[in-house]
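Novice: A single structure is presented below for examination.
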Amino acid sequence: MNLTELIDRYCAAWNAAEPAERARLLAEVLSAEGSYTDPMVHAANPAALLAHIAAVREKRPGAQVLRVGEVQAHHHVARFAWEATQAGTVLRRGIDIVTLDAQGAKLTSIIGFFD
C-alpha cells in the first residue's frame, strides 16, 4: 500500500462504526508501539488510541474524518490535512504529522494539530 492509501486507511479507522473493524484497520496501519498525540489526548499505544476513537465516536456518532489535499512526505515523516465532518458540517480541521517505520509500511507516531 502506498503512503496515501496508508493515510486513508488510518482515517477509515476513525470512521468505522464497529469496534472490531476499527481495530482491524488500525492494526494494518499503526505499529504495535505506535502512539497518537493531539491537544486533547496522548494515546501511548494502539489500544489507547482505539479507546480514544471510541470516546470521540460516542460523542459524535456518524462523524467522519477525511483527508483533504495531498500527503507530503520526506525522510519517513509525512503530513496531511483533514476535516472532521458530521451531517455535512465541518466540525474541526487540522493537520497530522506522522512518522513511518523503516520500511514505510506502518505509522509509528501520529501528532495532530487543530486549526
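Chain lettering (A, B, ...) mirrors the order of the C-alpha cells, residue numbering begins at 1 for each chain separately, and ligand numbering begins at 1 in order of display.
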Compile a residue-level contact table for region 68-96 of chain A against region 100-112 of chain A at a cut-off of 8 Å, reporting for every qualifying residue the shortest atom pair and its distance in Å to one decimal, with only C-alpha atoms counted, rows ordered by chain and ascending number, as JSON lines.

Specialist:
{"residue": "A:His76", "atom": "CA", "partner": "A:Leu100", "partner_atom": "CA", "distance": 5.0}
{"residue": "A:Val77", "atom": "CA", "partner": "A:Leu100", "partner_atom": "CA", "distance": 6.2}
{"residue": "A:Ala78", "atom": "CA", "partner": "A:Leu100", "partner_atom": "CA", "distance": 7.9}
{"residue": "A:Gly94", "atom": "CA", "partner": "A:Gly112", "partner_atom": "CA", "distance": 7.1}
{"residue": "A:Ile95", "atom": "CA", "partner": "A:Gly112", "partner_atom": "CA", "distance": 5.9}
{"residue": "A:Asp96", "atom": "CA", "partner": "A:Gly112", "partner_atom": "CA", "distance": 4.3}

Novice: Fewer than 3 positions away in the same chain doesn't count, so skip those; otherwise give me all residues within 9 Å of Gln64 (chain A), counting only C-alpha atoms, as a PyMOL selection string.

Specialist: chain A and resi 11-12+14-16+61+83-86

Novice: Now that the selection is made, can you save its residues with C-alpha atoms as a PDB file, in the first residue's frame?

Specialist:
ATOM      1  CA  CYS A  11      -8.748   7.851   8.501  1.00  0.00           C
ATOM      2  CA  ALA A  12     -11.052   4.908   7.759  1.00  0.00           C
ATOM      3  CA  TRP A  14     -11.677   6.720  12.724  1.00  0.00           C
ATOM      4  CA  ASN A  15     -14.788   6.300  10.574  1.00  0.00           C
ATOM      5  CA  ALA A  16     -15.516   2.618  11.213  1.00  0.00           C
ATOM      6  CA  PRO A  61     -21.971   9.490  16.176  1.00  0.00           C
ATOM      7  CA  GLU A  83     -11.532  17.558   8.255  1.00  0.00           C
ATOM      8  CA  ALA A  84     -13.931  16.046  10.744  1.00  0.00           C
ATOM      9  CA  THR A  85     -17.474  16.372   9.426  1.00  0.00           C
ATOM     10  CA  GLN A  86     -20.920  15.394  10.611  1.00  0.00           C
TER      11      GLN A  86
END
